[in-house]
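To start, the structure under review is shown below, and the notes come after it.
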Amino acid sequence: MPNANEDNPSALSQVQRRAVSELLRVSPVADDLAVRFEEAGFSLALVGGSVRDALLGRLGNDLDFTTDARPEDVLKIVRPWADAVWEVGIAFGTVGCQKDGYLIEVTTYRSEAYDRTSRKPEVSYGDSIEQDLVRRDFTVNAMAVALPQKEFVDPYGGLEDLAARVLRTPGTPEESFSDDPLRMMRAARFAAQLDFEVAPEVVTAMTDMSGRIEIVSAERVRDELNKLLLSAHPKKGLRLLVDTGLADHVLPELPALRLESDEHHRHKDVYEHSLIVLDQAIDLEENGPDLVLRLAALLHDIGKPRTRRFESDGRVSFHHHEVVGAKMTKKRMSALKYSNDMVKDVSQLVELHLRFHGYGTGEWTDSAVRRYVRDAGPLLDRLHKLTRSDCTTRNKRKANALSRAYDGLEERIAELQQQEELDSIRPDLDGNQIMEILGVGPGPAIGQAYKHLLELRLENGPMDHEAAIAALKEWWAAQG
């Protein structure tokens with residue numbers, strides 16, 4: 001490892017110590033593989049995120065290597081050695097394998113660039129590790145450890161940038177972002193994941209070149225956005241996307257939330273409010289990052305710009321913004337190629353996020369509780385979290401009152417769940433029973449009868465069998 005930098009010796013020595021510890025842990029597997037490459041006449045180096053994470057003391061079991069061997073030579077070396085081998089990325093020079101619990105990718109030295117209209121990189125192979133490192137996105141990802149001799153390779157000052165917690169590009173940011181415009185989103189993602197600052201010249205290039213992100217496929221944009229949202233500091237990355245103009249191209253509904261306040265300041269900044277709701281939702285997560293909850297928290301108010309009205313009494317209204325927002329959420333997430341299930345779940349949470357407030361501060365009736373649970377379905381727990389997160393008022397008395405009111409709702413749900421099995425609300429008679437009682441076969445009338453009985457169930461709770469039959473016959477007689 002290199003000598004500590006004179007300007008910040010303690011920071012550098014600290015990351016060096018962490019790196020030594022991490023590299024010793026993975027050394028048996030890494031060294032074994034490196035020796036095999038050396039015996040075949042090739043070089044091998046741990047590279048990129050693996051070196052960065054080793055320096056940060058957070059290296060996992062995913063190891064990235066780079067080599068001068070071509071993919072077909074890599075296959076010859078790893079096939080007899082690895083527990084499993086896959087060739088999914090071989091067109092881009094990458095061979096994957098598994099060994100002793102480690103997931104390993106070996107990539108031939110390469111360079112890649114986009115033309116003005118292409119969505120896929122053109123891959124060409126290089127002959128030196130320095131050539132390979134300069135094409136990487138940021139200096140903190142452009143470090144390598146040559147194996148098995150453990151020689152540290154850092155031609156672009158990545159170690160110093162890591163100690164300073166700053167993101168810079170190995171070459172000019174303009175060249176880097178021209179090679180792959182997705183790197184602009186990766187800057188925001190790494191800022192969110194690592195809590196790093198982005199160098200001013202990088203921010204300038206992101207701002208000037210933001211429109212170039214449109215040549216990147218929706219799937220790659222979505223994947224970067226997911227990584228950003230699932231990071232430790234998503235608000236930091238989202239602000240960078242908005243401030244540089246990237247969000248105008250990939251998530252335009254977010255910057256649109258920066259509504260100008262009216263002269264009386266009668267409504268809060270919706271953009272800032274949404275970021276706070278996201279933070280508060282994250283604080284309520286119990287089993288790790290929840291992408292559905294985080295997307296719903298971020299997007300829950302995106303219908304407000306389209307529904308904003310200045311009323312005659314000076315108030316500002318956003319009537320039905322949850323319905324409009326749900327449709328906008330579905331459209332944006334579909335454009336980003338999210339799965340149908342995720343689109344459905346997030347848009348449903350957006351549509352339901354105001355339901356609690358629609359019941360006012362009065363006592364919740366059994367009927368209202370049943371409908372709330374029925375409409376939320378399996379999203380009920382997330383809806384609880386989203387609704388609680390949506391309170392960002394600085395008025396402590398108002399915040400406490402809302403919290404107590406929601407506590408009351410959750411208590412009512414728990415009571416009824418014990419009594420009535422709310423999680424599986426259905427009519428007291430099923431379709432076969434309805435047909436048998438009415439003496440008719442399948443058809444629209446059976447669906448209508450089922451819906452009528454479900455409404456009675458929601459309104460009045462469970463009925464005994466005889467009462468359900470009587471209610472069905474009464475409805476049927478009314479149909480003529």
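How things are named: the first chain in the structure tokens is A, the next is B, and so on; residues count from 1 in each chain; ligands count from 1 in the order shown.
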Could you list, as an mmCIF file with all heavy atoms, in the first residue's frame, every residue within 10 Å of Leu379 in chain A, counting only C-alpha atoms and ignoring same-chain residues fewer than 3 positions away?
data_model
loop_
_atom_site.group_PDB
_atom_site.id
_atom_site.type_symbol
_atom_site.label_atom_id
_atom_site.label_comp_id
_atom_site.auth_asym_id
_atom_site.auth_seq_id
_atom_site.Cartn_x
_atom_site.Cartn_y
_atom_site.Cartn_z
ATOM 1 N N VAL A 292 -40.864 -0.689 -2.138
ATOM 2 C CA VAL A 292 -42.251 -0.294 -2.375
ATOM 3 C C VAL A 292 -42.634 0.867 -1.462
ATOM 4 O O VAL A 292 -43.209 1.869 -1.904
ATOM 5 C CB VAL A 292 -43.198 -1.497 -2.157
ATOM 6 C CG1 VAL A 292 -44.659 -1.041 -2.145
ATOM 7 C CG2 VAL A 292 -42.999 -2.533 -3.253
ATOM 8 N N LEU A 293 -42.300 0.755 -0.188
ATOM 9 C CA LEU A 293 -42.615 1.829 0.757
ATOM 10 C C LEU A 293 -41.876 3.109 0.386
ATOM 11 O O LEU A 293 -42.454 4.210 0.418
ATOM 12 C CB LEU A 293 -42.243 1.397 2.177
ATOM 13 C CG LEU A 293 -42.443 2.457 3.266
ATOM 14 C CD1 LEU A 293 -43.910 2.847 3.387
ATOM 15 C CD2 LEU A 293 -41.898 1.964 4.611
ATOM 16 N N ASP A 345 -48.729 -2.092 -6.530
ATOM 17 C CA ASP A 345 -48.608 -1.856 -5.090
ATOM 18 C C ASP A 345 -48.313 -0.392 -4.773
ATOM 19 O O ASP A 345 -48.934 0.209 -3.891
ATOM 20 C CB ASP A 345 -47.497 -2.741 -4.501
ATOM 21 C CG ASP A 345 -47.903 -4.199 -4.407
ATOM 22 O OD1 ASP A 345 -49.101 -4.494 -4.607
ATOM 23 O OD2 ASP A 345 -47.027 -5.054 -4.141
ATOM 24 N N VAL A 346 -47.355 0.200 -5.489
ATOM 25 C CA VAL A 346 -46.979 1.583 -5.193
ATOM 26 C C VAL A 346 -48.126 2.537 -5.530
ATOM 27 O O VAL A 346 -48.456 3.436 -4.747
ATOM 28 C CB VAL A 346 -45.691 1.977 -5.954
ATOM 29 C CG1 VAL A 346 -45.361 3.457 -5.722
ATOM 30 C CG2 VAL A 346 -44.521 1.104 -5.505
ATOM 31 N N GLN A 348 -51.270 1.882 -5.622
ATOM 32 C CA GLN A 348 -52.366 1.686 -4.665
ATOM 33 C C GLN A 348 -52.075 2.413 -3.346
ATOM 34 O O GLN A 348 -52.969 3.028 -2.756
ATOM 35 C CB GLN A 348 -52.586 0.190 -4.405
ATOM 36 C CG GLN A 348 -53.822 -0.088 -3.547
ATOM 37 C CD GLN A 348 -54.108 -1.566 -3.403
ATOM 38 O OE1 GLN A 348 -53.498 -2.413 -4.069
ATOM 39 N NE2 GLN A 348 -55.042 -1.911 -2.529
ATOM 40 N N LEU A 349 -50.838 2.362 -2.885
ATOM 41 C CA LEU A 349 -50.473 3.093 -1.665
ATOM 42 C C LEU A 349 -50.637 4.592 -1.859
ATOM 43 O O LEU A 349 -51.117 5.299 -0.961
ATOM 44 C CB LEU A 349 -49.035 2.758 -1.269
ATOM 45 C CG LEU A 349 -48.815 1.391 -0.608
ATOM 46 C CD1 LEU A 349 -47.325 1.095 -0.489
ATOM 47 C CD2 LEU A 349 -49.480 1.330 0.766
ATOM 48 N N LEU A 352 -54.255 5.407 -1.592
ATOM 49 C CA LEU A 352 -54.842 5.213 -0.262
ATOM 50 C C LEU A 352 -54.246 6.127 0.809
ATOM 51 O O LEU A 352 -54.743 6.123 1.937
ATOM 52 C CB LEU A 352 -54.654 3.760 0.173
ATOM 53 C CG LEU A 352 -55.443 2.692 -0.582
ATOM 54 C CD1 LEU A 352 -55.029 1.305 -0.107
ATOM 55 C CD2 LEU A 352 -56.941 2.892 -0.402
ATOM 56 N N VAL A 373 -59.279 -1.856 5.987
ATOM 57 C CA VAL A 373 -58.464 -3.066 5.919
ATOM 58 C C VAL A 373 -58.668 -3.775 4.590
ATOM 59 O O VAL A 373 -57.712 -4.236 3.954
ATOM 60 C CB VAL A 373 -58.805 -4.009 7.092
ATOM 61 C CG1 VAL A 373 -58.084 -5.347 6.932
ATOM 62 C CG2 VAL A 373 -58.414 -3.359 8.415
ATOM 63 N N ARG A 374 -59.932 -3.854 4.135
ATOM 64 C CA ARG A 374 -60.216 -4.530 2.867
ATOM 65 C C ARG A 374 -59.506 -3.837 1.706
ATOM 66 O O ARG A 374 -58.894 -4.471 0.855
ATOM 67 C CB ARG A 374 -61.735 -4.557 2.648
ATOM 68 C CG ARG A 374 -62.224 -5.466 1.495
ATOM 69 C CD ARG A 374 -62.247 -4.789 0.130
ATOM 70 N NE ARG A 374 -62.967 -3.536 0.116
ATOM 71 C CZ ARG A 374 -64.255 -3.414 -0.223
ATOM 72 N NH1 ARG A 374 -64.958 -4.474 -0.527
ATOM 73 N NH2 ARG A 374 -64.825 -2.206 -0.248
ATOM 74 N N ASP A 375 -59.567 -2.507 1.652
ATOM 75 C CA ASP A 375 -58.971 -1.770 0.533
ATOM 76 C C ASP A 375 -57.453 -1.832 0.544
ATOM 77 O O ASP A 375 -56.816 -1.845 -0.500
ATOM 78 C CB ASP A 375 -59.438 -0.315 0.557
ATOM 79 C CG ASP A 375 -60.912 -0.175 0.225
ATOM 80 O OD1 ASP A 375 -61.509 -1.170 -0.243
ATOM 81 O OD2 ASP A 375 -61.486 0.912 0.452
ATOM 82 N N ALA A 376 -56.846 -1.857 1.741
ATOM 83 C CA ALA A 376 -55.380 -1.933 1.825
ATOM 84 C C ALA A 376 -54.885 -3.342 1.531
ATOM 85 O O ALA A 376 -53.818 -3.522 0.929
ATOM 86 C CB ALA A 376 -54.909 -1.490 3.202
ATOM 87 N N ARG A 382 -47.680 -1.459 5.235
ATOM 88 C CA ARG A 382 -47.008 -0.344 4.555
ATOM 89 C C ARG A 382 -47.860 0.919 4.605
ATOM 90 O O ARG A 382 -47.329 2.026 4.738
ATOM 91 C CB ARG A 382 -46.707 -0.717 3.104
ATOM 92 C CG ARG A 382 -45.558 -1.726 2.940
ATOM 93 C CD ARG A 382 -45.310 -1.952 1.462
ATOM 94 N NE ARG A 382 -44.134 -2.756 1.197
ATOM 95 C CZ ARG A 382 -44.151 -3.929 0.556
ATOM 96 N NH1 ARG A 382 -45.308 -4.433 0.146
ATOM 97 N NH2 ARG A 382 -43.030 -4.590 0.335
ATOM 98 N N LEU A 383 -49.169 0.765 4.484
ATOM 99 C CA LEU A 383 -50.044 1.930 4.555
ATOM 100 C C LEU A 383 -49.963 2.581 5.932
ATOM 101 O O LEU A 383 -49.973 3.810 6.042
ATOM 102 C CB LEU A 383 -51.485 1.531 4.235
ATOM 103 C CG LEU A 383 -52.506 2.676 4.210
ATOM 104 C CD1 LEU A 383 -52.114 3.745 3.184
ATOM 105 C CD2 LEU A 383 -53.907 2.140 3.915
ATOM 106 N N HIS A 384 -49.889 1.770 6.986
ATOM 107 C CA HIS A 384 -49.679 2.320 8.329
ATOM 108 C C HIS A 384 -48.434 3.212 8.345
ATOM 109 O O HIS A 384 -48.455 4.342 8.835
ATOM 110 C CB HIS A 384 -49.495 1.190 9.351
ATOM 111 C CG HIS A 384 -50.735 0.413 9.660
ATOM 112 N ND1 HIS A 384 -51.999 0.933 9.546
ATOM 113 C CD2 HIS A 384 -50.892 -0.867 10.116
ATOM 114 C CE1 HIS A 384 -52.877 0.011 9.904
ATOM 115 N NE2 HIS A 384 -52.236 -1.091 10.257
#
Give me, as an mmCIF file with N, CA and C atoms, in the first residue's frame, all polymer residues having an atom no more than 12 Å from Ala69 in chain A, counting only C-alpha atoms and skipping those fewer than 5 positions away in the same chain.
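Generated output (out.cif):
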data_model
loop_
_atom_site.group_PDB
_atom_site.id
_atom_site.type_symbol
_atom_site.label_atom_id
_atom_site.label_comp_id
_atom_site.auth_asym_id
_atom_site.auth_seq_id
_atom_site.Cartn_x
_atom_site.Cartn_y
_atom_site.Cartn_z
ATOM 1 N N ALA A 34 -5.226 -16.049 -8.556
ATOM 2 C CA ALA A 34 -4.159 -15.267 -9.182
ATOM 3 C C ALA A 34 -2.990 -16.151 -9.620
ATOM 4 N N ARG A 36 -3.111 -19.211 -10.575
ATOM 5 C CA ARG A 36 -3.525 -19.940 -11.772
ATOM 6 C C ARG A 36 -3.411 -19.057 -13.015
ATOM 7 N N PHE A 37 -3.778 -17.772 -12.882
ATOM 8 C CA PHE A 37 -3.608 -16.855 -14.006
ATOM 9 C C PHE A 37 -2.127 -16.653 -14.328
ATOM 10 N N GLU A 38 -1.333 -16.510 -13.273
ATOM 11 C CA GLU A 38 0.107 -16.292 -13.461
ATOM 12 C C GLU A 38 0.745 -17.490 -14.163
ATOM 13 N N ALA A 40 -0.643 -19.398 -16.192
ATOM 14 C CA ALA A 40 -1.087 -19.425 -17.589
ATOM 15 C C ALA A 40 -0.511 -18.265 -18.392
ATOM 16 N N GLY A 41 0.320 -17.421 -17.742
ATOM 17 C CA GLY A 41 0.956 -16.319 -18.452
ATOM 18 C C GLY A 41 0.165 -15.024 -18.463
ATOM 19 N N PHE A 42 -0.802 -14.890 -17.546
ATOM 20 C CA PHE A 42 -1.640 -13.689 -17.498
ATOM 21 C C PHE A 42 -1.548 -13.022 -16.130
ATOM 22 N N SER A 43 -1.992 -11.775 -16.079
ATOM 23 C CA SER A 43 -2.023 -11.037 -14.813
ATOM 24 C C SER A 43 -3.459 -10.970 -14.304
ATOM 25 N N LEU A 44 -3.609 -10.740 -12.989
ATOM 26 C CA LEU A 44 -4.931 -10.645 -12.372
ATOM 27 C C LEU A 44 -4.863 -9.611 -11.256
ATOM 28 N N ALA A 45 -5.912 -8.812 -11.136
ATOM 29 C CA ALA A 45 -5.951 -7.799 -10.075
ATOM 30 C C ALA A 45 -7.364 -7.666 -9.540
ATOM 31 N N VAL A 74 -9.929 -16.910 -19.933
ATOM 32 C CA VAL A 74 -10.445 -16.892 -18.563
ATOM 33 C C VAL A 74 -11.266 -18.151 -18.306
ATOM 34 N N LEU A 75 -12.109 -18.540 -19.269
ATOM 35 C CA LEU A 75 -12.922 -19.741 -19.108
ATOM 36 C C LEU A 75 -12.053 -20.978 -18.908
ATOM 37 N N LYS A 76 -10.980 -21.087 -19.663
ATOM 38 C CA LYS A 76 -10.088 -22.249 -19.529
ATOM 39 C C LYS A 76 -9.474 -22.321 -18.130
ATOM 40 N N ILE A 77 -9.207 -21.145 -17.552
ATOM 41 C CA ILE A 77 -8.565 -21.113 -16.230
ATOM 42 C C ILE A 77 -9.556 -21.412 -15.109
ATOM 43 N N VAL A 78 -10.746 -20.818 -15.180
ATOM 44 C CA VAL A 78 -11.666 -20.923 -14.031
ATOM 45 C C VAL A 78 -12.511 -22.202 -14.049
ATOM 46 N N GLY A 93 -17.063 -9.129 -22.084
ATOM 47 C CA GLY A 93 -15.736 -9.460 -21.565
ATOM 48 C C GLY A 93 -15.723 -9.980 -20.150
ATOM 49 N N THR A 94 -16.868 -10.374 -19.611
ATOM 50 C CA THR A 94 -16.941 -10.788 -18.211
ATOM 51 C C THR A 94 -17.330 -12.257 -18.083
ATOM 52 N N VAL A 95 -16.572 -12.976 -17.267
ATOM 53 C CA VAL A 95 -16.877 -14.360 -16.921
ATOM 54 C C VAL A 95 -17.189 -14.408 -15.428
ATOM 55 N N VAL A 106 -14.640 -11.941 -13.440
ATOM 56 C CA VAL A 106 -13.333 -11.637 -14.029
ATOM 57 C C VAL A 106 -13.581 -10.979 -15.386
ATOM 58 N N THR A 107 -13.095 -9.751 -15.548
ATOM 59 C CA THR A 107 -13.360 -8.986 -16.766
ATOM 60 C C THR A 107 -12.049 -8.627 -17.457
ATOM 61 N N THR A 108 -12.006 -8.857 -18.739
ATOM 62 C CA THR A 108 -10.823 -8.500 -19.525
ATOM 63 C C THR A 108 -10.664 -6.980 -19.583
ATOM 64 N N TYR A 109 -9.414 -6.485 -19.503
ATOM 65 C CA TYR A 109 -9.171 -5.046 -19.670
ATOM 66 C C TYR A 109 -9.995 -4.558 -20.855
ATOM 67 N N ARG A 110 -10.709 -3.466 -20.672
ATOM 68 C CA ARG A 110 -11.582 -3.036 -21.760
ATOM 69 C C ARG A 110 -11.806 -1.534 -21.731
ATOM 70 N N TYR A 125 -11.156 -4.439 -26.219
ATOM 71 C CA TYR A 125 -10.265 -4.897 -25.163
ATOM 72 C C TYR A 125 -8.983 -4.078 -25.131
ATOM 73 N N GLY A 126 -8.448 -3.876 -23.934
ATOM 74 C CA GLY A 126 -7.200 -3.138 -23.758
ATOM 75 C C GLY A 126 -6.065 -4.065 -23.364
ATOM 76 N N ASP A 127 -4.877 -3.493 -23.218
ATOM 77 C CA ASP A 127 -3.695 -4.302 -22.917
ATOM 78 C C ASP A 127 -3.000 -3.914 -21.621
ATOM 79 N N SER A 128 -3.482 -2.865 -20.937
ATOM 80 C CA SER A 128 -2.834 -2.456 -19.687
ATOM 81 C C SER A 128 -3.886 -2.143 -18.638
ATOM 82 N N ILE A 129 -3.501 -2.331 -17.385
ATOM 83 C CA ILE A 129 -4.450 -2.072 -16.313
ATOM 84 C C ILE A 129 -4.732 -0.580 -16.192
#
Please indicate the distance in Å from CA of Met143 in chain A to CA of Asp32 in chain A, rounded to one decimal place.
20.9 Å
How close does each residue of range 151-186 of chain A get to range 215-226 of chain A, giving the shortest atom pair and distance in Å to one decimal for every residue with an atom at most 12 Å away, counting only C-alpha atoms, sorted by chain and residue number, as JSON lines?
{"residue": "A:Phe177", "atom": "CA", "partner": "A:Val216", "partner_atom": "CA", "distance": 11.5}
{"residue": "A:Ser178", "atom": "CA", "partner": "A:Ile215", "partner_atom": "CA", "distance": 10.8}
{"residue": "A:Asp179", "atom": "CA", "partner": "A:Val216", "partner_atom": "CA", "distance": 11.4}
{"residue": "A:Asp180", "atom": "CA", "partner": "A:Val216", "partner_atom": "CA", "distance": 8.3}
{"residue": "A:Pro181", "atom": "CA", "partner": "A:Val216", "partner_atom": "CA", "distance": 7.0}
{"residue": "A:Leu182", "atom": "CA", "partner": "A:Val216", "partner_atom": "CA", "distance": 6.6}
{"residue": "A:Arg183", "atom": "CA", "partner": "A:Glu224", "partner_atom": "CA", "distance": 9.5}
{"residue": "A:Met184", "atom": "CA", "partner": "A:Glu224", "partner_atom": "CA", "distance": 10.1}
{"residue": "A:Met185", "atom": "CA", "partner": "A:Glu224", "partner_atom": "CA", "distance": 6.7}
{"residue": "A:Arg186", "atom": "CA", "partner": "A:Glu224", "partner_atom": "CA", "distance": 6.6}
Keeping only C-alpha atoms, write the selected residues to a file as a short mmCIF file (atom, residue, chain, number, x, y, z; two decimals), in the first residue's frame.
data_model
loop_
_atom_site.label_atom_id
_atom_site.label_comp_id
_atom_site.auth_asym_id
_atom_site.auth_seq_id
_atom_site.Cartn_x
_atom_site.Cartn_y
_atom_site.Cartn_z
CA PHE A 177 -20.25 10.80 -19.19
CA SER A 178 -19.98 10.71 -22.97
CA ASP A 179 -18.66 7.15 -22.70
CA ASP A 180 -21.64 6.14 -20.55
CA PRO A 181 -24.28 8.72 -19.59
CA LEU A 182 -25.60 6.41 -16.86
CA ARG A 183 -22.52 7.40 -14.85
CA MET A 184 -24.26 10.69 -14.07
CA MET A 185 -26.91 8.72 -12.19
CA ARG A 186 -24.23 6.57 -10.64
#
DSSP strand (DSSP E) residues within range 271-364 of chain A, listed as an NGL selection string
:A and (309-310 or 316-317)
Next, write the just-selected residues to a file, as a compact mmCIF listing (two decimals), in the first residue's frame, keeping N, CA and C atoms as the atom set.
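Contents of out01.txt, freshly written:
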# COMPACT_ATOMS: atom_id res chain seq x y z
N ARG A 309 -55.34 24.35 -6.66
CA ARG A 309 -56.30 25.42 -6.93
C ARG A 309 -56.20 26.48 -5.83
N PHE A 310 -56.27 27.75 -6.22
CA PHE A 310 -56.30 28.84 -5.26
C PHE A 310 -57.77 29.21 -5.05
N VAL A 316 -55.38 27.15 -0.39
CA VAL A 316 -54.92 26.37 -1.54
C VAL A 316 -55.43 24.95 -1.38
N SER A 317 -56.00 24.39 -2.43
CA SER A 317 -56.55 23.03 -2.35
C SER A 317 -55.88 22.12 -3.37
Using DSSP assignments from the backbone, pull out every residue in range 209-458 of chain A that falls under helix (DSSP H, G or I) and give it to me as a ChimeraX atom specification.
/A:210-215,218-229,234-244,247-250,255-257,270-284,291-299,304-307,321-335,340-352,355-358,366-389,396-420,422-424,431-438,444-458
Would you give me, as a Markdown table, each residue of range 199-227 of chain A having an atom within 12 Å of an atom of range 165-176 of chain A, along with its shortest atom pair and that distance in Å to one decimal, using only C-alpha atoms and sorting by chain and residue number?
| residue | atom | partner | partner_atom | distance |
| --- | --- | --- | --- | --- |
| A:Ala199 | CA | A:Arg168 | CA | 5.7 |
| A:Pro200 | CA | A:Arg168 | CA | 8.9 |
| A:Glu201 | CA | A:Pro173 | CA | 7.3 |
| A:Val202 | CA | A:Pro173 | CA | 5.7 |
| A:Val203 | CA | A:Pro173 | CA | 8.9 |
| A:Thr204 | CA | A:Pro173 | CA | 8.9 |
| A:Ala205 | CA | A:Glu174 | CA | 5.9 |
| A:Met206 | CA | A:Pro173 | CA | 8.2 |
| A:Thr207 | CA | A:Glu174 | CA | 10.7 |
| A:Asp208 | CA | A:Glu174 | CA | 9.0 |
| A:Met209 | CA | A:Glu174 | CA | 7.9 |
| A:Ser210 | CA | A:Glu174 | CA | 11.0 |
| A:Arg212 | CA | A:Glu174 | CA | 11.1 |
Just how far from CA of Asn287 in chain A is CA of Arg189 in chain A, in Å to one decimal?
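For CA of Arg189 in chain A relative to CA of Asn287 in chain A, the distance reads 21.8 Å.
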What's the 10 Å shell around Leu46 in chain A, counting only C-alpha atoms, without same-chain residues fewer than 3 positions away, as a list in words?
Leu23, Ala30, Ala34, Gly49, Ser50, Val51, Leu63, Asp64, Phe65, Thr66, Thr67, Glu105, Val106, Met143, Ala144, Val145, Ala146, Leu147, Pro148, Lys150, Phe152 and Val153 of chain A
Write out as number ranges by chain which residues come within 10 Å of His357 in chain A when counting only C-alpha atoms, dropping same-chain ones fewer than 6 positions away.
A: 387, 402, 405-406
Residue subset to file, keeping N, CA, C and O atoms, as a PDB file, in the first residue's frame:
ATOM      1  N   THR A 387     -48.799   6.445   6.121  1.00  0.00           N
ATOM      2  CA  THR A 387     -49.698   7.433   6.714  1.00  0.00           C
ATOM      3  C   THR A 387     -49.025   8.146   7.883  1.00  0.00           C
ATOM      4  O   THR A 387     -49.127   9.370   8.024  1.00  0.00           O
ATOM      5  N   LEU A 402     -52.493  13.648  15.690  1.00  0.00           N
ATOM      6  CA  LEU A 402     -52.577  12.732  14.551  1.00  0.00           C
ATOM      7  C   LEU A 402     -52.037  11.355  14.907  1.00  0.00           C
ATOM      8  O   LEU A 402     -52.603  10.325  14.531  1.00  0.00           O
ATOM      9  N   ALA A 405     -54.524   9.566  17.051  1.00  0.00           N
ATOM     10  CA  ALA A 405     -55.671   9.133  16.247  1.00  0.00           C
ATOM     11  C   ALA A 405     -55.328   7.873  15.460  1.00  0.00           C
ATOM     12  O   ALA A 405     -56.144   6.950  15.349  1.00  0.00           O
ATOM     13  N   TYR A 406     -54.105   7.817  14.933  1.00  0.00           N
ATOM     14  CA  TYR A 406     -53.738   6.623  14.173  1.00  0.00           C
ATOM     15  C   TYR A 406     -53.502   5.441  15.101  1.00  0.00           C
ATOM     16  O   TYR A 406     -53.790   4.293  14.750  1.00  0.00           O
TER      17      TYR A 406
END
At a cut-off of 8 Å, using only C-alpha atoms, what residues contact Ala82 in chain A? Leave out same-chain residues fewer than 5 positions from it and give the result as a list in words.
Cys97, Gln98 and Lys99 of chain A
Set the distance at 12 Å and use only C-alpha atoms: which residues neighbour range 438-445 of chain A once local chain neighbours fewer than 6 positions away are removed? I'd like the list as a PyMOL selection string.
chain A and resi 429+431-432+451-452+469-477+479-480
C-alpha atoms of the current selection, written as a PDB file, in the first residue's frame:
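That gives us again_0.pdb:
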ATOM      1  CA  LEU A 429     -72.237 -16.989   1.420  1.00  0.00           C
ATOM      2  CA  GLY A 431     -70.873 -18.204  -5.111  1.00  0.00           C
ATOM      3  CA  ASN A 432     -71.974 -21.853  -5.091  1.00  0.00           C
ATOM      4  CA  LYS A 451     -71.074  -7.873  -4.180  1.00  0.00           C
ATOM      5  CA  HIS A 452     -74.277  -7.011  -2.276  1.00  0.00           C
ATOM      6  CA  ILE A 469     -79.907 -16.375   3.359  1.00  0.00           C
ATOM      7  CA  ALA A 470     -82.722 -14.001   4.349  1.00  0.00           C
ATOM      8  CA  ALA A 471     -80.697 -10.975   3.214  1.00  0.00           C
ATOM      9  CA  LEU A 472     -79.912 -12.653  -0.099  1.00  0.00           C
ATOM     10  CA  LYS A 473     -83.568 -13.531  -0.758  1.00  0.00           C
ATOM     11  CA  GLU A 474     -84.677 -10.007   0.167  1.00  0.00           C
ATOM     12  CA  TRP A 475     -82.169  -8.557  -2.320  1.00  0.00           C
ATOM     13  CA  TRP A 476     -83.224 -11.033  -5.000  1.00  0.00           C
ATOM     14  CA  ALA A 477     -86.891 -10.166  -4.584  1.00  0.00           C
ATOM     15  CA  GLN A 479     -84.429  -7.300  -8.346  1.00  0.00           C
ATOM     16  CA  GLY A 480     -87.829  -8.419  -9.702  1.00  0.00           C
TER      17      GLY A 480
END
One decimal, Å: what's the distance from CA of Tyr338 in chain A over to CA of Gly211 in chain A, could you say?
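A separation of 22.0 Å between them.
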Fewer than 3 positions away in the same chain doesn't count, so skip those; otherwise give me all residues within 7 Å of Thr307 in chain A, counting only C-alpha atoms, as a ChimeraX atom specification.
/A:303-304,318-319,321
Which is closest to Arg25 in chain A among A:Tyr102, A:Phe138, A:Phe356, A:Tyr271, if we use only C-alpha atoms?
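Selected residue with least distance to Arg25 in chain A: A:Tyr102.
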